[in-house]
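Raw contents of run_4.pdb, PDB, C-alpha atoms, pLDDT in the B column:
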MODEL        1
ATOM      1  CA  MET A   1       0.000   0.000   0.000  1.00 53.00           C
ATOM      2  CA  GLY A   2       2.783   2.383   0.931  1.00 58.00           C
ATOM      3  CA  GLU A   3       4.776   1.557  -2.191  1.00 66.00           C
ATOM      4  CA  SER A   4       1.770   2.177  -4.464  1.00 73.00           C
ATOM      5  CA  PHE A   5       1.146   5.533  -2.787  1.00 70.00           C
ATOM      6  CA  VAL A   6       4.756   6.567  -3.333  1.00 72.00           C
ATOM      7  CA  GLY A   7       4.487   5.442  -6.951  1.00 72.00           C
ATOM      8  CA  ILE A   8       1.399   7.599  -7.461  1.00 76.00           C
ATOM      9  CA  ILE A   9       3.216  10.622  -6.055  1.00 79.00           C
ATOM     10  CA  VAL A  10       6.236  10.014  -8.278  1.00 74.00           C
ATOM     11  CA  LEU A  11       3.978   9.589 -11.311  1.00 73.00           C
ATOM     12  CA  ALA A  12       2.129  12.809 -10.503  1.00 76.00           C
ATOM     13  CA  ILE A  13       5.389  14.695 -10.174  1.00 79.00           C
ATOM     14  CA  ALA A  14       6.609  13.268 -13.471  1.00 74.00           C
ATOM     15  CA  ILE A  15       3.363  14.254 -15.209  1.00 75.00           C
ATOM     16  CA  PHE A  16       3.614  17.767 -13.781  1.00 75.00           C
ATOM     17  CA  ILE A  17       7.198  18.126 -15.023  1.00 76.00           C
ATOM     18  CA  VAL A  18       6.258  16.846 -18.477  1.00 73.00           C
ATOM     19  CA  LEU A  19       3.261  19.203 -18.689  1.00 72.00           C
ATOM     20  CA  SER A  20       5.390  22.150 -17.606  1.00 75.00           C
ATOM     21  CA  MET A  21       7.784  21.313 -20.433  1.00 78.00           C
ATOM     22  CA  VAL A  22       5.048  20.744 -23.002  1.00 85.00           C
ATOM     23  CA  LEU A  23       2.551  23.492 -22.157  1.00 87.00           C
ATOM     24  CA  LYS A  24       3.523  27.143 -21.894  1.00 87.00           C
ATOM     25  CA  VAL A  25       1.272  29.949 -20.705  1.00 88.00           C
ATOM     26  CA  VAL A  26       1.667  33.119 -22.758  1.00 90.00           C
ATOM     27  CA  TYR A  27       0.230  36.342 -21.334  1.00 92.00           C
ATOM     28  CA  GLN A  28      -1.732  38.858 -23.349  1.00 93.00           C
ATOM     29  CA  PHE A  29       1.250  41.220 -23.555  1.00 93.00           C
ATOM     30  CA  GLU A  30       3.669  38.498 -24.659  1.00 93.00           C
ATOM     31  CA  ARG A  31       4.433  36.567 -27.823  1.00 94.00           C
ATOM     32  CA  ILE A  32       6.492  33.400 -28.248  1.00 93.00           C
ATOM     33  CA  VAL A  33       9.005  32.945 -31.056  1.00 94.00           C
ATOM     34  CA  LEU A  34       8.969  29.190 -31.731  1.00 93.00           C
ATOM     35  CA  TYR A  35      11.918  27.206 -33.143  1.00 94.00           C
ATOM     36  CA  THR A  36      11.953  23.563 -34.236  1.00 92.00           C
ATOM     37  CA  LEU A  37      15.471  22.134 -34.293  1.00 91.00           C
ATOM     38  CA  GLY A  38      16.753  25.701 -34.470  1.00 89.00           C
ATOM     39  CA  LYS A  39      14.508  26.739 -37.384  1.00 93.00           C
ATOM     40  CA  PHE A  40      11.962  29.506 -37.001  1.00 93.00           C
ATOM     41  CA  GLN A  41       8.423  28.085 -37.031  1.00 92.00           C
ATOM     42  CA  GLY A  42       6.336  31.153 -36.273  1.00 92.00           C
ATOM     43  CA  LEU A  43       4.800  33.156 -33.475  1.00 93.00           C
ATOM     44  CA  ARG A  44       2.529  31.780 -30.769  1.00 91.00           C
ATOM     45  CA  GLY A  45       0.298  33.286 -28.124  1.00 84.00           C
ATOM     46  CA  PRO A  46      -1.389  34.584 -26.173  1.00 91.00           C
ATOM     47  CA  GLY A  47      -2.887  31.665 -24.286  1.00 90.00           C
ATOM     48  CA  LEU A  48      -1.745  28.065 -23.867  1.00 89.00           C
ATOM     49  CA  VAL A  49       1.008  26.991 -26.279  1.00 90.00           C
ATOM     50  CA  PHE A  50       2.104  23.391 -26.920  1.00 90.00           C
ATOM     51  CA  VAL A  51       5.870  22.840 -27.202  1.00 89.00           C
ATOM     52  CA  VAL A  52       7.551  19.544 -28.088  1.00 88.00           C
ATOM     53  CA  PRO A  53      10.314  18.945 -25.534  1.00 84.00           C
ATOM     54  CA  PHE A  54      13.895  18.642 -26.795  1.00 85.00           C
ATOM     55  CA  LEU A  55      12.774  19.404 -30.361  1.00 90.00           C
ATOM     56  CA  GLN A  56      11.341  22.873 -29.972  1.00 90.00           C
ATOM     57  CA  THR A  57      12.634  25.920 -28.136  1.00 90.00           C
ATOM     58  CA  ILE A  58      10.987  29.257 -27.467  1.00 92.00           C
ATOM     59  CA  ARG A  59      11.870  32.906 -26.863  1.00 92.00           C
ATOM     60  CA  LYS A  60       9.367  35.174 -25.128  1.00 92.00           C
ATOM     61  CA  VAL A  61       9.036  38.779 -26.276  1.00 94.00           C
ATOM     62  CA  ASP A  62       7.246  41.590 -24.415  1.00 94.00           C
ATOM     63  CA  ILE A  63       5.176  43.648 -26.870  1.00 94.00           C
ATOM     64  CA  ARG A  64       4.223  46.405 -24.453  1.00 94.00           C
ATOM     65  CA  VAL A  65       5.525  49.964 -24.853  1.00 95.00           C
ATOM     66  CA  ILE A  66       9.019  50.194 -23.370  1.00 94.00           C
ATOM     67  CA  THR A  67      10.390  53.374 -21.798  1.00 94.00           C
ATOM     68  CA  LEU A  68      14.087  53.852 -22.477  1.00 92.00           C
ATOM     69  CA  ASP A  69      15.981  56.521 -20.559  1.00 91.00           C
ATOM     70  CA  VAL A  70      18.841  57.719 -22.754  1.00 89.00           C
ATOM     71  CA  PRO A  71      21.926  58.539 -20.638  1.00 87.00           C
ATOM     72  CA  SER A  72      23.128  62.133 -20.551  1.00 87.00           C
ATOM     73  CA  GLN A  73      25.125  62.973 -23.670  1.00 86.00           C
ATOM     74  CA  GLU A  74      27.668  65.768 -24.188  1.00 87.00           C
ATOM     75  CA  VAL A  75      26.834  67.625 -27.393  1.00 87.00           C
ATOM     76  CA  ILE A  76      28.615  70.456 -29.198  1.00 86.00           C
ATOM     77  CA  THR A  77      26.010  72.596 -30.933  1.00 86.00           C
ATOM     78  CA  ASN A  78      26.423  74.184 -34.344  1.00 85.00           C
ATOM     79  CA  ASP A  79      27.507  77.477 -32.720  1.00 83.00           C
ATOM     80  CA  ASN A  80      30.233  75.672 -30.689  1.00 83.00           C
ATOM     81  CA  VAL A  81      28.477  75.566 -27.325  1.00 83.00           C
ATOM     82  CA  THR A  82      28.989  72.435 -25.219  1.00 85.00           C
ATOM     83  CA  VAL A  83      25.809  71.212 -23.510  1.00 88.00           C
ATOM     84  CA  ARG A  84      24.665  68.012 -21.824  1.00 89.00           C
ATOM     85  CA  VAL A  85      21.287  66.608 -22.829  1.00 90.00           C
ATOM     86  CA  ASN A  86      19.276  63.559 -21.893  1.00 89.00           C
ATOM     87  CA  ALA A  87      16.154  62.126 -23.454  1.00 92.00           C
ATOM     88  CA  VAL A  88      13.518  59.432 -23.092  1.00 94.00           C
ATOM     89  CA  ILE A  89      12.288  57.133 -25.862  1.00 94.00           C
ATOM     90  CA  TYR A  90       9.034  55.199 -26.037  1.00 96.00           C
ATOM     91  CA  TYR A  91       9.158  52.208 -28.364  1.00 96.00           C
ATOM     92  CA  GLN A  92       7.313  48.940 -28.939  1.00 95.00           C
ATOM     93  CA  VAL A  93       8.152  45.596 -30.534  1.00 95.00           C
ATOM     94  CA  MET A  94       5.782  45.266 -33.485  1.00 95.00           C
ATOM     95  CA  ASP A  95       7.361  42.170 -35.077  1.00 94.00           C
ATOM     96  CA  PRO A  96       8.883  39.733 -32.526  1.00 95.00           C
ATOM     97  CA  ASN A  97      10.299  37.649 -35.390  1.00 94.00           C
ATOM     98  CA  LYS A  98      12.526  40.520 -36.575  1.00 95.00           C
ATOM     99  CA  ALA A  99      13.315  41.660 -33.019  1.00 94.00           C
ATOM    100  CA  ILE A 100      14.755  38.229 -32.145  1.00 94.00           C
ATOM    101  CA  ASN A 101      16.183  37.028 -35.479  1.00 94.00           C
ATOM    102  CA  ASN A 102      17.503  40.277 -37.004  1.00 93.00           C
ATOM    103  CA  VAL A 103      19.349  41.729 -33.994  1.00 94.00           C
ATOM    104  CA  ARG A 104      21.055  40.096 -31.038  1.00 91.00           C
ATOM    105  CA  ASN A 105      19.764  42.438 -28.314  1.00 93.00           C
ATOM    106  CA  TYR A 106      17.126  44.860 -29.568  1.00 93.00           C
ATOM    107  CA  ASN A 107      16.976  46.803 -26.281  1.00 93.00           C
ATOM    108  CA  LEU A 108      20.715  47.500 -26.283  1.00 93.00           C
ATOM    109  CA  ALA A 109      20.720  48.217 -30.024  1.00 94.00           C
ATOM    110  CA  THR A 110      17.878  50.723 -29.674  1.00 94.00           C
ATOM    111  CA  SER A 111      19.670  52.441 -26.788  1.00 92.00           C
ATOM    112  CA  GLN A 112      22.901  52.798 -28.779  1.00 93.00           C
ATOM    113  CA  ILE A 113      21.076  54.087 -31.853  1.00 94.00           C
ATOM    114  CA  ALA A 114      19.260  56.635 -29.681  1.00 92.00           C
ATOM    115  CA  GLN A 115      22.507  57.916 -28.141  1.00 92.00           C
ATOM    116  CA  THR A 116      24.353  58.342 -31.420  1.00 91.00           C
ATOM    117  CA  THR A 117      21.345  59.929 -33.135  1.00 92.00           C
ATOM    118  CA  LEU A 118      20.844  62.330 -30.231  1.00 91.00           C
ATOM    119  CA  ARG A 119      24.431  63.584 -30.508  1.00 89.00           C
ATOM    120  CA  SER A 120      24.422  63.892 -34.294  1.00 89.00           C
ATOM    121  CA  VAL A 121      21.028  65.597 -34.641  1.00 90.00           C
ATOM    122  CA  LEU A 122      21.463  68.081 -31.792  1.00 89.00           C
ATOM    123  CA  GLY A 123      24.935  68.940 -33.077  1.00 87.00           C
ATOM    124  CA  GLU A 124      23.335  70.303 -36.249  1.00 88.00           C
ATOM    125  CA  HIS A 125      21.321  72.931 -34.339  1.00 88.00           C
ATOM    126  CA  GLU A 126      22.369  76.149 -32.671  1.00 86.00           C
ATOM    127  CA  LEU A 127      21.756  76.651 -28.958  1.00 84.00           C
ATOM    128  CA  ASP A 128      18.870  79.096 -29.404  1.00 82.00           C
ATOM    129  CA  ASP A 129      17.182  76.699 -31.833  1.00 85.00           C
ATOM    130  CA  LEU A 130      17.706  73.813 -29.420  1.00 85.00           C
ATOM    131  CA  LEU A 131      16.001  75.713 -26.609  1.00 82.00           C
ATOM    132  CA  ALA A 132      13.180  77.252 -28.655  1.00 84.00           C
ATOM    133  CA  ASN A 133      12.217  74.500 -31.128  1.00 87.00           C
ATOM    134  CA  ARG A 134      12.366  71.428 -28.928  1.00 88.00           C
ATOM    135  CA  GLU A 135       9.108  69.985 -30.270  1.00 89.00           C
ATOM    136  CA  LYS A 136      10.402  70.074 -33.842  1.00 91.00           C
ATOM    137  CA  ILE A 137      13.681  68.466 -32.776  1.00 91.00           C
ATOM    138  CA  ASN A 138      11.777  65.707 -30.946  1.00 92.00           C
ATOM    139  CA  GLN A 139       9.843  64.868 -34.090  1.00 93.00           C
ATOM    140  CA  ASN A 140      13.046  64.812 -36.136  1.00 93.00           C
ATOM    141  CA  LEU A 141      14.691  62.450 -33.646  1.00 93.00           C
ATOM    142  CA  GLN A 142      11.650  60.172 -33.637  1.00 94.00           C
ATOM    143  CA  THR A 143      11.643  59.926 -37.443  1.00 94.00           C
ATOM    144  CA  ILE A 144      15.366  59.140 -37.703  1.00 94.00           C
ATOM    145  CA  ILE A 145      15.463  56.564 -34.895  1.00 94.00           C
ATOM    146  CA  ASP A 146      12.275  54.881 -36.115  1.00 94.00           C
ATOM    147  CA  ALA A 147      13.722  54.500 -39.616  1.00 94.00           C
ATOM    148  CA  GLN A 148      16.845  52.813 -38.215  1.00 94.00           C
ATOM    149  CA  THR A 149      14.962  50.417 -35.901  1.00 95.00           C
ATOM    150  CA  ASP A 150      12.317  49.444 -38.462  1.00 94.00           C
ATOM    151  CA  PRO A 151      14.368  46.441 -39.789  1.00 94.00           C
ATOM    152  CA  TRP A 152      14.329  45.113 -36.214  1.00 94.00           C
ATOM    153  CA  GLY A 153      10.531  45.179 -36.020  1.00 94.00           C
ATOM    154  CA  ILE A 154      10.567  48.072 -33.519  1.00 95.00           C
ATOM    155  CA  LYS A 155       8.299  51.100 -33.703  1.00 95.00           C
ATOM    156  CA  VAL A 156       9.513  54.280 -31.991  1.00 95.00           C
ATOM    157  CA  ALA A 157       6.378  56.040 -30.801  1.00 92.00           C
ATOM    158  CA  ASN A 158       7.849  59.172 -29.253  1.00 93.00           C
ATOM    159  CA  VAL A 159      11.138  60.861 -28.340  1.00 93.00           C
ATOM    160  CA  GLU A 160      11.371  63.623 -25.748  1.00 92.00           C
ATOM    161  CA  VAL A 161      14.457  65.674 -24.918  1.00 90.00           C
ATOM    162  CA  LYS A 162      14.051  66.033 -21.164  1.00 86.00           C
ATOM    163  CA  ASP A 163      16.764  68.436 -20.079  1.00 84.00           C
ATOM    164  CA  VAL A 164      19.426  70.667 -21.595  1.00 84.00           C
ATOM    165  CA  GLU A 165      22.201  71.436 -19.101  1.00 83.00           C
ATOM    166  CA  LEU A 166      24.191  74.579 -19.891  1.00 79.00           C
ATOM    167  CA  PRO A 167      27.620  75.552 -18.514  1.00 73.00           C
ATOM    168  CA  GLU A 168      27.607  78.177 -15.751  1.00 76.00           C
ATOM    169  CA  THR A 169      29.435  80.699 -17.946  1.00 74.00           C
ATOM    170  CA  MET A 170      26.784  80.308 -20.638  1.00 70.00           C
ATOM    171  CA  LYS A 171      23.996  80.741 -18.083  1.00 68.00           C
ATOM    172  CA  ARG A 172      25.514  84.020 -16.901  1.00 76.00           C
ATOM    173  CA  ALA A 173      25.981  85.218 -20.479  1.00 73.00           C
ATOM    174  CA  MET A 174      22.370  84.384 -21.330  1.00 72.00           C
ATOM    175  CA  ALA A 175      21.182  86.176 -18.183  1.00 75.00           C
ATOM    176  CA  LYS A 176      23.094  89.316 -19.210  1.00 80.00           C
ATOM    177  CA  GLN A 177      21.684  89.060 -22.717  1.00 77.00           C
ATOM    178  CA  ALA A 178      18.138  88.740 -21.383  1.00 77.00           C
ATOM    179  CA  GLU A 179      18.661  91.719 -19.061  1.00 80.00           C
ATOM    180  CA  ALA A 180      20.001  93.832 -21.916  1.00 84.00           C
ATOM    181  CA  GLU A 181      17.054  92.816 -24.083  1.00 83.00           C
ATOM    182  CA  ARG A 182      14.589  93.871 -21.374  1.00 84.00           C
ATOM    183  CA  GLU A 183      16.349  97.227 -20.988  1.00 86.00           C
ATOM    184  CA  ARG A 184      16.223  97.747 -24.757  1.00 87.00           C
ATOM    185  CA  ARG A 185      12.493  97.048 -24.808  1.00 88.00           C
ATOM    186  CA  ALA A 186      11.909  99.379 -21.840  1.00 88.00           C
ATOM    187  CA  LYS A 187      13.765 102.228 -23.590  1.00 88.00           C
ATOM    188  CA  ILE A 188      11.844 101.668 -26.805  1.00 90.00           C
ATOM    189  CA  ILE A 189       8.526 101.698 -24.933  1.00 90.00           C
ATOM    190  CA  ALA A 190       9.518 104.887 -23.069  1.00 88.00           C
ATOM    191  CA  ALA A 191      10.575 106.563 -26.318  1.00 88.00           C
ATOM    192  CA  GLU A 192       7.303 105.589 -27.999  1.00 89.00           C
ATOM    193  CA  GLY A 193       5.433 107.031 -25.010  1.00 88.00           C
ATOM    194  CA  GLU A 194       7.330 110.319 -25.267  1.00 87.00           C
ATOM    195  CA  PHE A 195       6.645 110.462 -29.006  1.00 86.00           C
ATOM    196  CA  GLN A 196       2.914 109.899 -28.518  1.00 88.00           C
ATOM    197  CA  ALA A 197       2.808 112.444 -25.678  1.00 85.00           C
ATOM    198  CA  SER A 198       4.584 115.070 -27.799  1.00 85.00           C
ATOM    199  CA  ALA A 199       2.144 114.454 -30.642  1.00 84.00           C
ATOM    200  CA  LYS A 200      -0.805 114.999 -28.314  1.00 82.00           C
ATOM    201  CA  LEU A 201       0.793 118.135 -26.858  1.00 77.00           C
ATOM    202  CA  ALA A 202       1.307 119.490 -30.358  1.00 82.00           C
ATOM    203  CA  GLU A 203      -2.368 118.887 -31.117  1.00 81.00           C
ATOM    204  CA  ALA A 204      -3.359 120.644 -27.884  1.00 76.00           C
ATOM    205  CA  ALA A 205      -1.106 123.601 -28.714  1.00 74.00           C
ATOM    206  CA  ASN A 206      -2.738 123.936 -32.109  1.00 79.00           C
ATOM    207  CA  VAL A 207      -6.178 124.007 -30.514  1.00 74.00           C
ATOM    208  CA  MET A 208      -5.119 126.587 -27.905  1.00 71.00           C
ATOM    209  CA  SER A 209      -3.495 128.828 -30.545  1.00 72.00           C
ATOM    210  CA  GLN A 210      -6.844 129.236 -32.260  1.00 75.00           C
ATOM    211  CA  ASN A 211      -8.377 130.785 -29.114  1.00 72.00           C
ATOM    212  CA  PRO A 212      -6.061 132.525 -26.593  1.00 67.00           C
ATOM    213  CA  MET A 213      -8.700 132.265 -23.844  1.00 69.00           C
ATOM    214  CA  THR A 214      -8.152 128.514 -23.679  1.00 71.00           C
ATOM    215  CA  LEU A 215      -4.639 129.124 -22.392  1.00 66.00           C
ATOM    216  CA  GLN A 216      -5.996 131.393 -19.642  1.00 67.00           C
ATOM    217  CA  LEU A 217      -8.541 128.738 -18.665  1.00 70.00           C
ATOM    218  CA  ARG A 218      -5.751 126.206 -18.532  1.00 71.00           C
ATOM    219  CA  TYR A 219      -3.827 128.494 -16.158  1.00 66.00           C
ATOM    220  CA  LEU A 220      -6.832 128.711 -13.872  1.00 68.00           C
ATOM    221  CA  GLN A 221      -7.357 124.958 -13.936  1.00 73.00           C
ATOM    222  CA  THR A 222      -3.714 124.365 -13.023  1.00 71.00           C
ATOM    223  CA  LEU A 223      -4.083 126.838 -10.133  1.00 67.00           C
ATOM    224  CA  VAL A 224      -7.087 124.899  -8.804  1.00 69.00           C
ATOM    225  CA  GLU A 225      -5.155 121.646  -8.970  1.00 70.00           C
ATOM    226  CA  VAL A 226      -2.173 123.103  -7.130  1.00 65.00           C
ATOM    227  CA  ALA A 227      -4.375 124.671  -4.438  1.00 66.00           C
ATOM    228  CA  ALA A 228      -6.093 121.345  -3.801  1.00 65.00           C
ATOM    229  CA  GLU A 229      -2.787 119.884  -2.510  1.00 61.00           C
ATOM    230  CA  LYS A 230      -2.749 122.397   0.411  1.00 64.00           C
ATOM    231  CA  ASN A 231       0.705 123.707  -0.476  1.00 59.00           C
ATOM    232  CA  SER A 232       2.105 126.685   1.430  1.00 59.00           C
ATOM    233  CA  THR A 233       3.572 128.164  -1.759  1.00 62.00           C
ATOM    234  CA  THR A 234       1.514 128.728  -4.876  1.00 59.00           C
ATOM    235  CA  LEU A 235       3.026 129.739  -8.204  1.00 60.00           C
ATOM    236  CA  PHE A 236       0.663 131.714 -10.381  1.00 58.00           C
ATOM    237  CA  PRO A 237       1.835 132.299 -13.961  1.00 60.00           C
ATOM    238  CA  LEU A 238       0.958 135.648 -15.507  1.00 61.00           C
ATOM    239  CA  PRO A 239       0.335 136.016 -19.224  1.00 60.00           C
ATOM    240  CA  LEU A 240       2.777 138.294 -21.013  1.00 60.00           C
ATOM    241  CA  ASP A 241      -0.135 140.173 -22.578  1.00 62.00           C
ATOM    242  CA  LEU A 242      -1.189 141.300 -19.111  1.00 60.00           C
ATOM    243  CA  ILE A 243       2.113 142.918 -18.170  1.00 64.00           C
ATOM    244  CA  LYS A 244       3.105 144.069 -21.667  1.00 66.00           C
ATOM    245  CA  PRO A 245       1.447 147.558 -21.306  1.00 67.00           C
ATOM    246  CA  PHE A 246       3.411 148.205 -18.096  1.00 63.00           C
ATOM    247  CA  MET A 247       6.641 147.204 -19.796  1.00 67.00           C
ATOM    248  CA  GLU A 248       5.960 149.606 -22.694  1.00 69.00           C
ATOM    249  CA  LEU A 249       5.125 152.371 -20.223  1.00 68.00           C
ATOM    250  CA  GLY A 250       8.407 151.813 -18.456  1.00 65.00           C
ATOM    251  CA  ASP A 251      10.339 152.027 -21.704  1.00 67.00           C
ATOM    252  CA  LYS A 252       8.687 155.366 -22.560  1.00 66.00           C
ATOM    253  CA  PHE A 253       9.493 156.718 -19.110  1.00 63.00           C
ATOM    254  CA  LYS A 254      13.147 155.843 -19.536  1.00 62.00           C
ATOM    255  CA  LYS A 255      13.301 157.561 -22.902  1.00 62.00           C
ATOM    256  CA  THR A 256      11.845 160.793 -21.530  1.00 65.00           C
ATOM    257  CA  GLU A 257      14.492 160.911 -18.856  1.00 60.00           C
TER
ENDMDL
END

Could you write out this file's structure as structure tokens?
Amino acid sequence: MGESFVGIIVLAIAIFIVLSMVLKVVYQFERIVLYTLGKFQGLRGPGLVFVVPFLQTIRKVDIRVITLDVPSQEVITNDNVTVRVNAVIYYQVMDPNKAINNVRNYNLATSQIAQTTLRSVLGEHELDDLLANREKINQNLQTIIDAQTDPWGIKVANVEVKDVELPETMKRAMAKQAEAERERRAKIIAAEGEFQASAKLAEAANVMSQNPMTLQLRYLQTLVEVAAEKNSTTLFPLPLDLIKPFMELGDKFKKTE
């Protein structure tokens, strides 16, 4: 009785081992590359896949989107500025057959292609273009890398340049440039304001020259505004026409003497 029980256990273990070698569970996000005596037989999955032991071998491939962090690269821009940039790439295995049979390690190959392309493409741009047109550069990188990884069955969905690290000397130079630009704009705005104010004053002078009483009314209005501030000293301008007769009288008196 004991020997038969042990035999049943051994048989169960043997069946379990055989089934584990024959039947493979493939998840929804995986595909199996199947080989028979080393020859490619096709793709299998998802679900339960039957494999002949010792005659067939498999390689599992993840077909989900993979996020690849490109290490920081030192790049010399077209205007001879040295910067350090890093990027992130989102890619997906579209053809597991090509990804396994056409390249030894598609993850490493994609990483190396991304690094070399990042240096070569960014080196063709000037620093201002690199900082201002990052979206355009990302699209250019995505197109170039995708074209190079297409024979491996890999689709590059997106490329994003994450950070552009500038030298401290360049940061200070750019800060001075930005400050000078703001000062230039402030002077231009002030000059435009003075020009517009002078144009309005010229129009007001033309209106007042047509009727001298408007100038007298303006004097009185200015006096009211000054008096409203409760100043101890009030300056009251006198029109020259008012004192001109006294000046002429004084000249006549001097001549008679």

Notebook entry, point to check: So which residues get picked by the PyMOL selection byres ((chain A and resi 77-93) around 8) here, written as a PyMOL selection string?
Noted result: chain A and resi 62-76+94-96+99+114+122-127+153-167

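Relative to atom CA of Gln142 of chain A, atom CA of Arg119 of chain A is found at 13.6 Å.
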
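Interatomic distance, atom CA of Phe40 of chain A against atom CA of Ala109 of chain A: 21.8 Å.
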
Notebook entry, point to check: Interatomic distance between atom CA of Gln28 of chain A and atom CA of Pro46 of chain A?
Noted result: 5.1 Å

Note to self: Counting all atoms listed in the file, which residue out of A:Thr117, A:Gln56, A:Gln139, A:Thr214 sits closest to Ile32 of chain A?
What the structure shows: A:Gln56

Next item on the list: Point out the residue among A:Gln115, A:Thr169, A:Thr222, A:Thr36 with the least atom-to-atom distance to Ile144 of chain A, counting all atoms listed in the file.
Entry: A:Gln115

Listed atoms of segment 51-66 of chain A boxed axis-aligned with 6 Å per side, centre + edges as AutoDock Vina command-line options:
--center_x 9.1 --center_y 34.4 --center_z -26.9 --size_x 21.7 --size_y 43.6 --size_z 19.0

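Neighbours of Leu43 of chain A closer than or equal to 7 Å, with all atoms listed in the file counted and sequence neighbours fewer than 3 positions away skipped, come out as Arg31, Ile32, Val33 and Leu34 of chain A.
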
Explicit residues for the PyMOL selection byres ((chain A and resi 100) around 10) (as a PDB file with C-alpha atoms, in the frame of the given file):
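This is the output file out-v4.pdb:
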ATOM      1  CA  VAL A  33       9.005  32.945 -31.056  1.00 94.00           C
ATOM      2  CA  ARG A  59      11.870  32.906 -26.863  1.00 92.00           C
ATOM      3  CA  LYS A  60       9.367  35.174 -25.128  1.00 92.00           C
ATOM      4  CA  VAL A  61       9.036  38.779 -26.276  1.00 94.00           C
ATOM      5  CA  ASP A  95       7.361  42.170 -35.077  1.00 94.00           C
ATOM      6  CA  PRO A  96       8.883  39.733 -32.526  1.00 95.00           C
ATOM      7  CA  ASN A  97      10.299  37.649 -35.390  1.00 94.00           C
ATOM      8  CA  LYS A  98      12.526  40.520 -36.575  1.00 95.00           C
ATOM      9  CA  ALA A  99      13.315  41.660 -33.019  1.00 94.00           C
ATOM     10  CA  ASN A 101      16.183  37.028 -35.479  1.00 94.00           C
ATOM     11  CA  ASN A 102      17.503  40.277 -37.004  1.00 93.00           C
ATOM     12  CA  VAL A 103      19.349  41.729 -33.994  1.00 94.00           C
ATOM     13  CA  ARG A 104      21.055  40.096 -31.038  1.00 91.00           C
ATOM     14  CA  ASN A 105      19.764  42.438 -28.314  1.00 93.00           C
ATOM     15  CA  TYR A 106      17.126  44.860 -29.568  1.00 93.00           C
ATOM     16  CA  TRP A 152      14.329  45.113 -36.214  1.00 94.00           C
ATOM     17  CA  GLY A 153      10.531  45.179 -36.020  1.00 94.00           C
TER      18      GLY A 153
END

Notebook entry, point to check: Residues around (-2.2, 34.9, -25.8), cut-off 10 Å, counting only C-alpha atoms - what are they as a PyMOL selection string?
Noted result: chain A and resi 25-32+44-49

Check: Closest to Ser120 of chain A among A:Ala132, A:Ile137, A:Ala147, A:Ile15, using only C-alpha atoms?
Finding: A:Ile137
